[in-house]
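The next block is run34.cif, given as mmCIF, C-alpha atoms.
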data_run
#
loop_
_atom_site.group_PDB
_atom_site.id
_atom_site.type_symbol
_atom_site.label_atom_id
_atom_site.label_comp_id
_atom_site.auth_asym_id
_atom_site.auth_seq_id
_atom_site.Cartn_x
_atom_site.Cartn_y
_atom_site.Cartn_z
ATOM 1 C CA MET A 1 -0.122 -10.233 4.874
ATOM 2 C CA ALA A 2 -0.785 -8.541 1.667
ATOM 3 C CA ALA A 3 -3.635 -9.002 -0.689
ATOM 4 C CA LEU A 4 -2.828 -10.945 -3.894
ATOM 5 C CA ALA A 5 -3.625 -9.893 -7.435
ATOM 6 C CA ALA A 6 -4.371 -11.801 -10.585
ATOM 7 C CA VAL A 7 -3.035 -11.367 -14.080
ATOM 8 C CA SER A 8 -4.736 -12.058 -17.367
ATOM 9 C CA SER A 9 -4.447 -11.640 -21.088
ATOM 10 C CA VAL A 10 -6.941 -9.506 -22.944
ATOM 11 C CA GLU A 11 -8.957 -12.670 -23.557
ATOM 12 C CA ALA A 12 -9.235 -13.630 -19.865
ATOM 13 C CA ALA A 13 -9.015 -10.827 -17.307
ATOM 14 C CA ALA A 14 -9.673 -11.440 -13.632
ATOM 15 C CA LEU A 15 -8.083 -9.719 -10.631
ATOM 16 C CA SER A 16 -8.044 -11.423 -7.228
ATOM 17 C CA SER A 17 -8.071 -9.856 -3.737
ATOM 18 C CA LEU A 18 -6.790 -12.980 -1.970
ATOM 19 C CA SER A 19 -3.217 -13.913 -1.264
ATOM 20 C CA LYS A 20 -3.032 -16.572 -3.945
ATOM 21 C CA PRO A 21 -0.329 -16.928 -6.565
ATOM 22 C CA VAL A 22 -1.508 -16.345 -10.136
ATOM 23 C CA GLN A 23 -0.180 -17.827 -13.361
ATOM 24 C CA LEU A 24 0.296 -15.769 -16.496
ATOM 25 C CA PRO A 25 -1.897 -16.850 -19.424
ATOM 26 C CA ALA A 26 -0.653 -18.152 -22.726
ATOM 27 C CA LYS A 27 0.320 -15.508 -25.256
ATOM 28 C CA ALA A 28 -2.529 -14.152 -27.337
ATOM 29 C CA PRO A 29 -2.624 -11.423 -29.982
ATOM 30 C CA LEU A 30 -4.312 -8.118 -29.210
ATOM 31 C CA PRO A 31 -7.617 -7.893 -31.083
ATOM 32 C CA SER A 32 -7.710 -4.960 -33.478
ATOM 33 C CA PRO A 33 -9.063 -4.060 -36.880
ATOM 34 C CA SER A 34 -7.150 -5.933 -39.547
ATOM 35 C CA PRO A 35 -4.474 -3.807 -41.239
ATOM 36 C CA PHE A 36 -4.187 -3.830 -44.977
ATOM 37 C CA THR A 37 -1.919 -2.307 -47.582
ATOM 38 C CA PRO A 38 -3.816 -0.533 -50.332
ATOM 39 C CA PRO A 39 -2.675 -0.819 -53.930
ATOM 40 C CA ALA A 40 -0.551 1.871 -55.501
ATOM 41 C CA ALA A 41 -3.516 3.194 -57.463
ATOM 42 C CA ALA A 42 -7.145 2.397 -58.023
ATOM 43 C CA GLY A 43 -7.044 2.908 -61.753
ATOM 44 C CA SER A 44 -7.542 5.979 -63.894
ATOM 45 C CA GLY A 45 -9.979 7.329 -66.425
ATOM 46 C CA THR A 46 -11.834 10.437 -67.529
ATOM 47 C CA ARG A 47 -15.277 9.371 -66.338
ATOM 48 C CA SER A 48 -16.392 7.210 -63.434
ATOM 49 C CA ASP A 49 -19.360 6.517 -61.218
ATOM 50 C CA ARG A 50 -17.015 5.926 -58.313
ATOM 51 C CA ILE A 51 -17.939 8.062 -55.262
ATOM 52 C CA CYS A 52 -15.363 9.182 -52.713
ATOM 53 C CA ALA A 53 -16.135 7.705 -49.289
ATOM 54 C CA VAL A 54 -14.975 10.920 -47.617
ATOM 55 C CA CYS A 55 -16.587 13.767 -49.610
ATOM 56 C CA ASP A 56 -19.331 11.830 -51.473
ATOM 57 C CA GLN A 57 -18.199 13.423 -54.756
ATOM 58 C CA PRO A 58 -17.438 11.509 -57.971
ATOM 59 C CA ILE A 59 -13.875 10.452 -58.629
ATOM 60 C CA VAL A 60 -13.061 11.504 -62.185
ATOM 61 C CA ARG A 61 -9.413 10.537 -62.412
ATOM 62 C CA GLY A 62 -6.959 8.594 -60.255
ATOM 63 C CA GLY A 63 -7.915 8.060 -56.634
ATOM 64 C CA ALA A 64 -7.558 4.910 -54.520
ATOM 65 C CA GLY A 65 -9.740 1.955 -53.650
ATOM 66 C CA LEU A 66 -9.834 -0.063 -50.468
ATOM 67 C CA ARG A 67 -12.196 -2.916 -49.502
ATOM 68 C CA GLY A 68 -14.921 -1.801 -51.842
ATOM 69 C CA LYS A 69 -14.586 1.897 -51.006
ATOM 70 C CA PHE A 70 -13.036 4.609 -53.161
ATOM 71 C CA TYR A 71 -11.211 7.804 -52.263
ATOM 72 C CA HIS A 72 -9.868 10.876 -53.985
ATOM 73 C CA THR A 73 -6.094 10.850 -53.741
ATOM 74 C CA GLU A 74 -6.156 13.929 -51.482
ATOM 75 C CA HIS A 75 -8.703 12.205 -49.203
ATOM 76 C CA PHE A 76 -6.855 8.911 -48.963
ATOM 77 C CA VAL A 77 -4.828 10.098 -45.964
ATOM 78 C CA CYS A 78 -4.537 9.360 -42.229
ATOM 79 C CA SER A 79 -7.532 10.779 -40.361
ATOM 80 C CA ASP A 80 -5.454 11.930 -37.368
ATOM 81 C CA PRO A 81 -5.418 15.757 -37.658
ATOM 82 C CA THR A 82 -1.783 15.880 -36.540
ATOM 83 C CA CYS A 83 -0.676 13.455 -39.263
ATOM 84 C CA LYS A 84 -2.579 13.509 -42.573
ATOM 85 C CA ARG A 85 0.080 11.389 -44.261
ATOM 86 C CA ALA A 86 -0.797 9.787 -47.602
ATOM 87 C CA LEU A 87 -1.775 6.147 -47.165
ATOM 88 C CA ARG A 88 -1.101 4.852 -50.683
ATOM 89 C CA GLY A 89 1.329 1.917 -50.318
ATOM 90 C CA GLN A 90 1.183 2.107 -46.488
ATOM 91 C CA VAL A 91 -0.207 -0.330 -43.918
ATOM 92 C CA THR A 92 -3.643 1.081 -43.165
ATOM 93 C CA PHE A 93 -6.190 0.574 -40.369
ATOM 94 C CA GLU A 94 -9.870 1.436 -40.510
ATOM 95 C CA LYS A 95 -11.726 2.492 -37.335
ATOM 96 C CA ASN A 96 -15.234 3.966 -37.197
ATOM 97 C CA ASP A 97 -15.191 4.482 -40.994
ATOM 98 C CA GLN A 98 -11.955 6.471 -40.710
ATOM 99 C CA LEU A 99 -8.536 5.521 -42.046
ATOM 100 C CA PHE A 100 -5.342 5.641 -40.001
ATOM 101 C CA CYS A 101 -1.698 4.930 -40.576
ATOM 102 C CA GLU A 102 -0.259 2.243 -38.330
ATOM 103 C CA LYS A 103 1.428 4.665 -35.925
ATOM 104 C CA CYS A 104 -1.627 6.873 -35.410
ATOM 105 C CA TYR A 105 -3.981 3.921 -35.047
ATOM 106 C CA HIS A 106 -1.953 2.462 -32.186
ATOM 107 C CA ASN A 107 -1.380 5.876 -30.582
ATOM 108 C CA ASN A 108 -5.098 6.623 -30.594
ATOM 109 C CA PHE A 109 -6.726 3.257 -29.908
ATOM 110 C CA SER A 110 -4.294 0.686 -28.519
ATOM 111 C CA PRO A 111 -3.886 0.409 -24.729
ATOM 112 C CA LYS A 112 -0.718 1.920 -23.279
ATOM 113 C CA CYS A 113 1.895 0.015 -21.304
ATOM 114 C CA ALA A 114 1.969 1.161 -17.664
ATOM 115 C CA TYR A 115 5.767 0.827 -17.663
ATOM 116 C CA CYS A 116 6.947 2.437 -20.912
ATOM 117 C CA ARG A 117 3.743 4.369 -21.816
ATOM 118 C CA GLU A 118 4.017 3.137 -25.411
ATOM 119 C CA PRO A 119 1.091 1.526 -27.288
ATOM 120 C CA ILE A 120 0.708 -2.234 -26.919
ATOM 121 C CA LYS A 121 0.315 -3.792 -30.357
ATOM 122 C CA ASP A 122 0.257 -7.467 -29.365
ATOM 123 C CA ASN A 123 0.479 -9.884 -26.407
ATOM 124 C CA ILE A 124 -1.112 -7.544 -23.888
ATOM 125 C CA ILE A 125 -0.963 -8.352 -20.158
ATOM 126 C CA GLU A 126 -3.686 -7.024 -17.843
ATOM 127 C CA ALA A 127 -2.672 -7.106 -14.175
ATOM 128 C CA LEU A 128 -2.895 -4.886 -11.079
ATOM 129 C CA GLY A 129 -5.628 -2.944 -12.881
ATOM 130 C CA LEU A 130 -3.124 -1.892 -15.557
ATOM 131 C CA THR A 131 -1.897 -3.046 -18.961
ATOM 132 C CA PHE A 132 1.660 -4.030 -19.877
ATOM 133 C CA HIS A 133 3.778 -5.262 -22.712
ATOM 134 C CA ARG A 134 4.615 -8.847 -21.822
ATOM 135 C CA ALA A 135 8.321 -7.943 -21.631
ATOM 136 C CA HIS A 136 7.546 -5.078 -19.231
ATOM 137 C CA PHE A 137 5.644 -7.054 -16.599
ATOM 138 C CA PHE A 138 8.354 -8.102 -14.156
ATOM 139 C CA CYS A 139 9.180 -8.510 -10.471
ATOM 140 C CA SER A 140 9.491 -5.124 -8.761
ATOM 141 C CA GLN A 141 12.391 -6.400 -6.660
ATOM 142 C CA CYS A 142 14.645 -8.576 -8.841
ATOM 143 C CA GLY A 143 13.450 -7.409 -12.276
ATOM 144 C CA ARG A 144 12.819 -10.916 -13.595
ATOM 145 C CA THR A 145 10.174 -10.939 -16.343
ATOM 146 C CA PHE A 146 7.220 -13.197 -15.641
ATOM 147 C CA GLY A 147 7.049 -16.021 -18.159
ATOM 148 C CA PRO A 148 3.931 -17.924 -19.239
ATOM 149 C CA ASP A 149 4.374 -20.523 -16.475
ATOM 150 C CA ASP A 150 5.388 -18.126 -13.682
ATOM 151 C CA MET A 151 3.348 -17.082 -10.658
ATOM 152 C CA PHE A 152 3.370 -13.622 -9.098
ATOM 153 C CA ARG A 153 2.070 -11.980 -5.933
ATOM 154 C CA GLU A 154 0.934 -8.401 -5.353
ATOM 155 C CA PHE A 155 1.848 -6.045 -2.518
ATOM 156 C CA GLU A 156 0.819 -2.379 -2.429
ATOM 157 C CA GLY A 157 0.104 -2.316 -6.158
ATOM 158 C CA LYS A 158 3.373 -3.940 -7.256
ATOM 159 C CA ALA A 159 4.080 -7.419 -8.603
ATOM 160 C CA TYR A 160 6.680 -9.689 -7.024
ATOM 161 C CA CYS A 161 7.975 -13.139 -7.785
ATOM 162 C CA GLU A 162 7.187 -15.641 -5.056
ATOM 163 C CA ASP A 163 10.755 -15.776 -3.739
ATOM 164 C CA ASP A 164 11.037 -12.014 -3.294
ATOM 165 C CA TYR A 165 7.519 -11.679 -1.924
ATOM 166 C CA ALA A 166 8.307 -14.325 0.693
ATOM 167 C CA ALA A 167 11.633 -12.707 1.618
ATOM 168 C CA LEU A 168 10.208 -9.182 1.863
ATOM 169 C CA PHE A 169 6.662 -9.463 3.161
ATOM 170 C CA ALA A 170 5.610 -12.945 4.288
ATOM 171 C CA ASP A 171 5.150 -13.756 7.978
ATOM 172 C CA ARG A 172 7.659 -16.162 9.499
ATOM 173 C CA CYS A 173 6.620 -19.434 11.079
ATOM 174 C CA ALA A 174 7.127 -19.447 14.864
ATOM 175 C CA ALA A 175 8.456 -23.015 14.639
ATOM 176 C CA CYS A 176 10.693 -23.260 11.531
ATOM 177 C CA HIS A 177 11.160 -19.495 10.940
ATOM 178 C CA GLN A 178 10.574 -19.935 7.203
ATOM 179 C CA PRO A 179 8.224 -17.651 5.203
ATOM 180 C CA MET A 180 4.545 -18.555 5.172
ATOM 181 C CA LEU A 181 2.571 -18.077 1.967
ATOM 182 C CA ASP A 182 -0.406 -20.392 2.473
ATOM 183 C CA ASN A 183 -2.098 -22.670 5.024
ATOM 184 C CA SER A 184 -1.066 -20.855 8.193
ATOM 185 C CA VAL A 185 -2.380 -21.105 11.759
ATOM 186 C CA SER A 186 -2.688 -18.106 14.078
ATOM 187 C CA ALA A 187 -2.243 -19.070 17.732
ATOM 188 C CA LEU A 188 -0.495 -17.815 20.870
ATOM 189 C CA ASP A 189 -0.037 -14.397 19.200
ATOM 190 C CA ARG A 190 2.153 -15.987 16.528
ATOM 191 C CA GLN A 191 1.842 -17.476 13.056
ATOM 192 C CA TRP A 192 2.647 -21.079 12.200
ATOM 193 C CA HIS A 193 2.701 -23.308 9.139
ATOM 194 C CA SER A 194 -0.213 -25.691 9.606
ATOM 195 C CA THR A 195 2.287 -28.578 9.426
ATOM 196 C CA CYS A 196 4.505 -26.949 12.082
ATOM 197 C CA PHE A 197 1.762 -26.321 14.634
ATOM 198 C CA VAL A 198 2.251 -29.512 16.626
ATOM 199 C CA CYS A 199 2.405 -30.617 20.247
ATOM 200 C CA ALA A 200 5.560 -29.209 21.845
ATOM 201 C CA ASP A 201 6.387 -32.496 23.534
ATOM 202 C CA PRO A 202 9.326 -33.871 21.493
ATOM 203 C CA ALA A 203 8.006 -37.420 21.782
ATOM 204 C CA CYS A 204 4.587 -36.501 20.393
ATOM 205 C CA ASN A 205 4.444 -34.008 17.474
ATOM 206 C CA THR A 206 0.683 -34.501 17.123
ATOM 207 C CA MET A 207 -0.684 -31.905 14.674
ATOM 208 C CA LEU A 208 -2.904 -29.329 16.386
ATOM 209 C CA THR A 209 -5.486 -26.785 15.248
ATOM 210 C CA ALA A 210 -6.087 -23.221 16.376
ATOM 211 C CA GLU A 211 -9.242 -24.410 18.201
ATOM 212 C CA GLY A 212 -7.859 -27.645 19.662
ATOM 213 C CA PHE A 213 -4.722 -27.223 21.777
ATOM 214 C CA TYR A 214 -3.621 -26.521 25.339
ATOM 215 C CA GLU A 215 -1.135 -23.798 26.216
ATOM 216 C CA TYR A 216 1.566 -24.189 28.825
ATOM 217 C CA GLN A 217 4.321 -21.604 29.314
ATOM 218 C CA GLY A 218 3.634 -20.151 25.860
ATOM 219 C CA ARG A 219 3.884 -23.465 23.995
ATOM 220 C CA PRO A 220 1.095 -25.578 22.441
ATOM 221 C CA TYR A 221 0.373 -29.095 23.669
ATOM 222 C CA CYS A 222 -2.095 -31.865 23.014
ATOM 223 C CA GLU A 223 -4.356 -32.705 25.971
ATOM 224 C CA LEU A 224 -2.272 -35.633 27.183
ATOM 225 C CA HIS A 225 1.047 -33.848 27.219
ATOM 226 C CA TYR A 226 -0.435 -30.679 28.642
ATOM 227 C CA TYR A 227 -1.406 -32.619 31.741
ATOM 228 C CA HIS A 228 2.013 -34.271 31.702
ATOM 229 C CA GLN A 229 3.546 -30.817 31.845
ATOM 230 C CA THR A 230 1.317 -29.830 34.759
ATOM 231 C CA ASP A 231 2.021 -33.197 36.439
ATOM 232 C CA ASN A 232 -1.661 -34.041 36.486
ATOM 233 C CA ILE A 233 -1.581 -37.596 35.098
ATOM 234 C CA CYS A 234 -3.171 -40.597 36.762
ATOM 235 C CA ASP A 235 -0.502 -43.022 37.984
ATOM 236 C CA VAL A 236 -2.669 -46.015 37.046
ATOM 237 C CA CYS A 237 -4.144 -45.264 33.612
ATOM 238 C CA LYS A 238 -1.570 -42.647 32.569
ATOM 239 C CA LYS A 239 -4.324 -40.368 31.307
ATOM 240 C CA PRO A 240 -5.016 -36.734 32.226
ATOM 241 C CA ILE A 241 -6.926 -36.037 35.423
ATOM 242 C CA ILE A 242 -9.677 -33.523 34.732
ATOM 243 C CA GLY A 243 -11.663 -32.597 37.818
ATOM 244 C CA ARG A 244 -11.196 -34.173 41.246
ATOM 245 C CA CYS A 245 -7.819 -35.714 41.910
ATOM 246 C CA VAL A 246 -6.521 -38.036 44.640
ATOM 247 C CA VAL A 247 -3.017 -37.257 45.835
ATOM 248 C CA ALA A 248 -1.409 -40.124 47.725
ATOM 249 C CA LEU A 249 1.936 -41.902 47.951
ATOM 250 C CA ASP A 250 3.520 -38.899 46.203
ATOM 251 C CA ARG A 251 1.414 -39.677 43.147
ATOM 252 C CA LYS A 252 -1.889 -38.608 41.599
ATOM 253 C CA PHE A 253 -4.883 -40.785 40.758
ATOM 254 C CA HIS A 254 -8.351 -40.606 39.312
ATOM 255 C CA PRO A 255 -10.607 -41.287 42.312
ATOM 256 C CA ARG A 256 -11.885 -44.514 40.697
ATOM 257 C CA HIS A 257 -8.319 -45.745 40.159
ATOM 258 C CA PHE A 258 -7.120 -45.277 43.724
ATOM 259 C CA THR A 259 -7.991 -48.770 44.924
ATOM 260 C CA CYS A 260 -6.755 -51.447 47.272
ATOM 261 C CA SER A 261 -3.923 -53.330 45.623
ATOM 262 C CA PHE A 262 -5.463 -56.646 46.760
ATOM 263 C CA CYS A 263 -9.274 -56.432 46.679
ATOM 264 C CA GLN A 264 -9.577 -53.425 44.308
ATOM 265 C CA THR A 265 -11.981 -51.625 46.663
ATOM 266 C CA GLU A 266 -11.994 -47.879 45.988
ATOM 267 C CA LEU A 267 -10.100 -46.163 48.752
ATOM 268 C CA ASP A 268 -11.568 -42.720 48.145
ATOM 269 C CA GLY A 269 -15.244 -43.671 48.069
ATOM 270 C CA SER A 270 -18.233 -42.139 49.767
ATOM 271 C CA ALA A 271 -17.673 -44.340 52.810
ATOM 272 C CA GLY A 272 -14.505 -42.408 53.445
ATOM 273 C CA GLN A 273 -12.408 -45.544 53.799
ATOM 274 C CA GLY A 274 -8.760 -44.818 54.473
ATOM 275 C CA TYR A 275 -5.775 -46.835 53.307
ATOM 276 C CA LYS A 276 -2.539 -48.378 54.517
ATOM 277 C CA GLU A 277 0.686 -48.337 52.544
ATOM 278 C CA ARG A 278 3.082 -51.214 52.070
ATOM 279 C CA SER A 279 6.028 -51.152 49.642
ATOM 280 C CA GLY A 280 4.571 -48.148 47.884
ATOM 281 C CA LYS A 281 1.168 -49.788 47.335
ATOM 282 C CA PRO A 282 -2.152 -48.823 48.938
ATOM 283 C CA TYR A 283 -4.339 -51.357 50.792
ATOM 284 C CA CYS A 284 -7.655 -51.146 52.512
ATOM 285 C CA GLY A 285 -7.590 -51.763 56.307
ATOM 286 C CA ASN A 286 -9.032 -55.285 56.112
ATOM 287 C CA CYS A 287 -6.624 -56.513 53.440
ATOM 288 C CA TYR A 288 -3.680 -54.948 55.168
ATOM 289 C CA ILE A 289 -4.482 -56.785 58.428
ATOM 290 C CA LYS A 290 -5.055 -60.103 56.605
ATOM 291 C CA LEU A 291 -1.870 -59.836 54.557
ATOM 292 C CA PHE A 292 0.640 -58.208 56.856
ATOM 293 C CA CYS A 293 -0.456 -58.459 60.466
#
In structure tokens, how does this file's structure come out?
Amino acid sequence: MAALAAVSSVEAAALSSLSKPVQLPAKAPLPSPSPFTPPAAAGSGTRSDRICAVCDQPIVRGGAGLRGKFYHTEHFVCSDPTCKRALRGQVTFEKNDQLFCEKCYHNNFSPKCAYCREPIKDNIIEALGLTFHRAHFFCSQCGRTFGPDDMFREFEGKAYCEDDYAALFADRCAACHQPMLDNSVSALDRQWHSTCFVCADPACNTMLTAEGFYEYQGRPYCELHYYHQTDNICDVCKKPIIGRCVVALDRKFHPRHFTCSFCQTELDGSAGQGYKERSGKPYCGNCYIKLFC
């Protein structure tokens, strides 16, 4: 059997090493610095006490303002050295006192989807030790995307829906031959559903446990029907004979149950009293003489 993984959103991440199905969490947005769109201009003038947040020099004319900070026009650009695009009128993110355009922010700081390698902007899924777009976390066999109410199972680092996991990897029950996902019993070198591990006598079907059954010819039995199979049942009480057994009249008896059919004296006692048979019934010598002689 394979080990099972868990899945979580960015708000609730927890991977599991047990073979348990896991439900996807409800959708949740990916936390990030709030984007904002700066105004077209921060005003103009010939003299100002505004200080540029980048170079710490006064802004004499033009420039841009954002959340209480001011910038020279040439400094109000994306901080990514490969970009440097002007941010006036653009959606802007701030990270560690630096400004970024939307594309560069996500490329630099958002987690990447393990399937498409693109940044994940919202509704992140964390599973199998990786991150995914919600639309890119799907069954490795049938390709069905896992919805909010779906369960999945993990095998060798891949996610599978329960149907495909059962068809591909689950053990088969020795009784019903259906896949086993939970609550199995290991016995007689085979695997069984716990509800299928029952006494093999068709008239019984008593549920058994891995520690409490008797084996006969490779099949599990309860105590009573095990001794039925081995023909070791007392003819009087119909219960198993464990230990010493009296064999007489082509039948088997507990020693205490092999008694005279008239006086009920034990016929296998310490006195070593024998018996006489009449019409298939045992009698002590005295009762036999009184009744039949």
Inset, instruction - Report as number ranges by chain the residues that result from applying the PyMOL selection byres ((chain A and resi 193) around 7) to the structure here. - result: A: 173, 180, 183-185, 192, 194-197
Inset, instruction - Mind checking which residues fall within 6 Å of A:Thr131, counting only C-alpha atoms, ignoring those fewer than 4 positions away in the same chain, and posting them as number ranges by chain? - result: A: 113-114, 125-126
Inset, instruction - Kindly indicate which residue among A:Gln264, A:Val247, A:Asp201, A:Tyr115 lies nearest to A:Tyr226, using only C-alpha atoms for the distances. - result: A:Asp201
Inset, instruction - Please provide the set of residues having any atom within 12 Å of A:Thr82, restricted to only C-alpha atoms, with same-chain residues fewer than 5 positions apart removed, written as a VMD selection string. - result: chain A and resid 77 100 to 101 103 to 104 107 to 108
Inset, instruction - Calculate how many Å separate atom CA of A:Cys245 from atom CA of A:Glu211, rounding to one decimal. - result: 26.3 Å
Inset, instruction - Step by step, work through what the PyMOL selection byres ((chain A and resi 287) around 12) selects in the shown file, and finish by giving those residues as a PyMOL selection string. - result: chain A and resi 259-265+267+274-278+281-286+288-293
Just-selected residues, C-alpha atoms written as a PDB file, keeping the file's coordinate frame:
ATOM      1  CA  THR A 259      -7.991 -48.770  44.924  1.00  0.00           C
ATOM      2  CA  CYS A 260      -6.755 -51.447  47.272  1.00  0.00           C
ATOM      3  CA  SER A 261      -3.923 -53.330  45.623  1.00  0.00           C
ATOM      4  CA  PHE A 262      -5.463 -56.646  46.760  1.00  0.00           C
ATOM      5  CA  CYS A 263      -9.274 -56.432  46.679  1.00  0.00           C
ATOM      6  CA  GLN A 264      -9.577 -53.425  44.308  1.00  0.00           C
ATOM      7  CA  THR A 265     -11.981 -51.625  46.663  1.00  0.00           C
ATOM      8  CA  LEU A 267     -10.100 -46.163  48.752  1.00  0.00           C
ATOM      9  CA  GLY A 274      -8.760 -44.818  54.473  1.00  0.00           C
ATOM     10  CA  TYR A 275      -5.775 -46.835  53.307  1.00  0.00           C
ATOM     11  CA  LYS A 276      -2.539 -48.378  54.517  1.00  0.00           C
ATOM     12  CA  GLU A 277       0.686 -48.337  52.544  1.00  0.00           C
ATOM     13  CA  ARG A 278       3.082 -51.214  52.070  1.00  0.00           C
ATOM     14  CA  LYS A 281       1.168 -49.788  47.335  1.00  0.00           C
ATOM     15  CA  PRO A 282      -2.152 -48.823  48.938  1.00  0.00           C
ATOM     16  CA  TYR A 283      -4.339 -51.357  50.792  1.00  0.00           C
ATOM     17  CA  CYS A 284      -7.655 -51.146  52.512  1.00  0.00           C
ATOM     18  CA  GLY A 285      -7.590 -51.763  56.307  1.00  0.00           C
ATOM     19  CA  ASN A 286      -9.032 -55.285  56.112  1.00  0.00           C
ATOM     20  CA  TYR A 288      -3.680 -54.948  55.168  1.00  0.00           C
ATOM     21  CA  ILE A 289      -4.482 -56.785  58.428  1.00  0.00           C
ATOM     22  CA  LYS A 290      -5.055 -60.103  56.605  1.00  0.00           C
ATOM     23  CA  LEU A 291      -1.870 -59.836  54.557  1.00  0.00           C
ATOM     24  CA  PHE A 292       0.640 -58.208  56.856  1.00  0.00           C
ATOM     25  CA  CYS A 293      -0.456 -58.459  60.466  1.00  0.00           C
TER      26      CYS A 293
END
Legend entry - Straight-line distance linking atom CA of A:Ile120 with atom CA of A:Ser140, stated in Å to one decimal: 20.4 Å
Inset, instruction - Go ahead and find all residues with at least one atom no further than 12 Å from (-1.8, -31.5, 30.6) in the file's coordinates, using all atoms listed in the file; report them as a ChimeraX atom specification. - result: /A:199-201,213-217,219-234,238-242
Inset, instruction - Would you work out the distance separating atom CA of A:Asp171 from atom CA of A:Arg190, expressed in Å to one decimal? - result: 9.3 Å
Set the distance at 10 Å and use only C-alpha atoms: which residues neighbour A:Leu99 once local chain neighbours fewer than 2 positions away are removed? I'd like the list as an mmCIF file with C-alpha atoms, in the coordinates of the input.
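Output saved as around.cif:
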data_model
loop_
_atom_site.group_PDB
_atom_site.id
_atom_site.type_symbol
_atom_site.label_atom_id
_atom_site.label_comp_id
_atom_site.auth_asym_id
_atom_site.auth_seq_id
_atom_site.Cartn_x
_atom_site.Cartn_y
_atom_site.Cartn_z
ATOM 1 C CA HIS A 75 -8.703 12.205 -49.203
ATOM 2 C CA PHE A 76 -6.855 8.911 -48.963
ATOM 3 C CA VAL A 77 -4.828 10.098 -45.964
ATOM 4 C CA CYS A 78 -4.537 9.360 -42.229
ATOM 5 C CA SER A 79 -7.532 10.779 -40.361
ATOM 6 C CA ASP A 80 -5.454 11.930 -37.368
ATOM 7 C CA LYS A 84 -2.579 13.509 -42.573
ATOM 8 C CA LEU A 87 -1.775 6.147 -47.165
ATOM 9 C CA THR A 92 -3.643 1.081 -43.165
ATOM 10 C CA PHE A 93 -6.190 0.574 -40.369
ATOM 11 C CA GLU A 94 -9.870 1.436 -40.510
ATOM 12 C CA LYS A 95 -11.726 2.492 -37.335
ATOM 13 C CA ASN A 96 -15.234 3.966 -37.197
ATOM 14 C CA ASP A 97 -15.191 4.482 -40.994
ATOM 15 C CA CYS A 101 -1.698 4.930 -40.576
ATOM 16 C CA GLU A 102 -0.259 2.243 -38.330
ATOM 17 C CA CYS A 104 -1.627 6.873 -35.410
ATOM 18 C CA TYR A 105 -3.981 3.921 -35.047
#
Inset, instruction - For the file shown, report as a list in words the outcome of the PyMOL selection byres ((chain A and resi 207) around 6) at residue level. - result: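 Evaluating the PyMOL selection byres ((chain A and resi 207) around 6) on these coordinates yields Val198, Thr206 and Leu208 of chain A.
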Legend entry - Residues within 7 Å of stretch 67-72 of chain A, only C-alpha atoms, excluding chain neighbours under 4 positions, as a ChimeraX atom specification: /A:50-54,59,63,76
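Residues of protein, DNA or RNA having at least one counted atom within 10 Å of (8.4, -13.1, -22.0), given all atoms listed in the file, are Lys27, Asn123, His133, Arg134, Ala135, His136, Phe137, Phe138, Arg144, Thr145, Phe146, Gly147 and Pro148 of chain A.
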Inset, instruction - Counting only C-alpha atoms, figure out which residue out of A:Gly62, A:Ser279, A:Ala210, A:Cys139 gets nearest to A:Gly157. - result: A:Cys139
Legend entry - Contact residues around A:Asp163 with all atoms listed in the file at 12 Å, ignoring same-chain residues under 6 positions, as a PyMOL selection string: chain A and resi 21+139-142+144+150-153+169-170+178-181
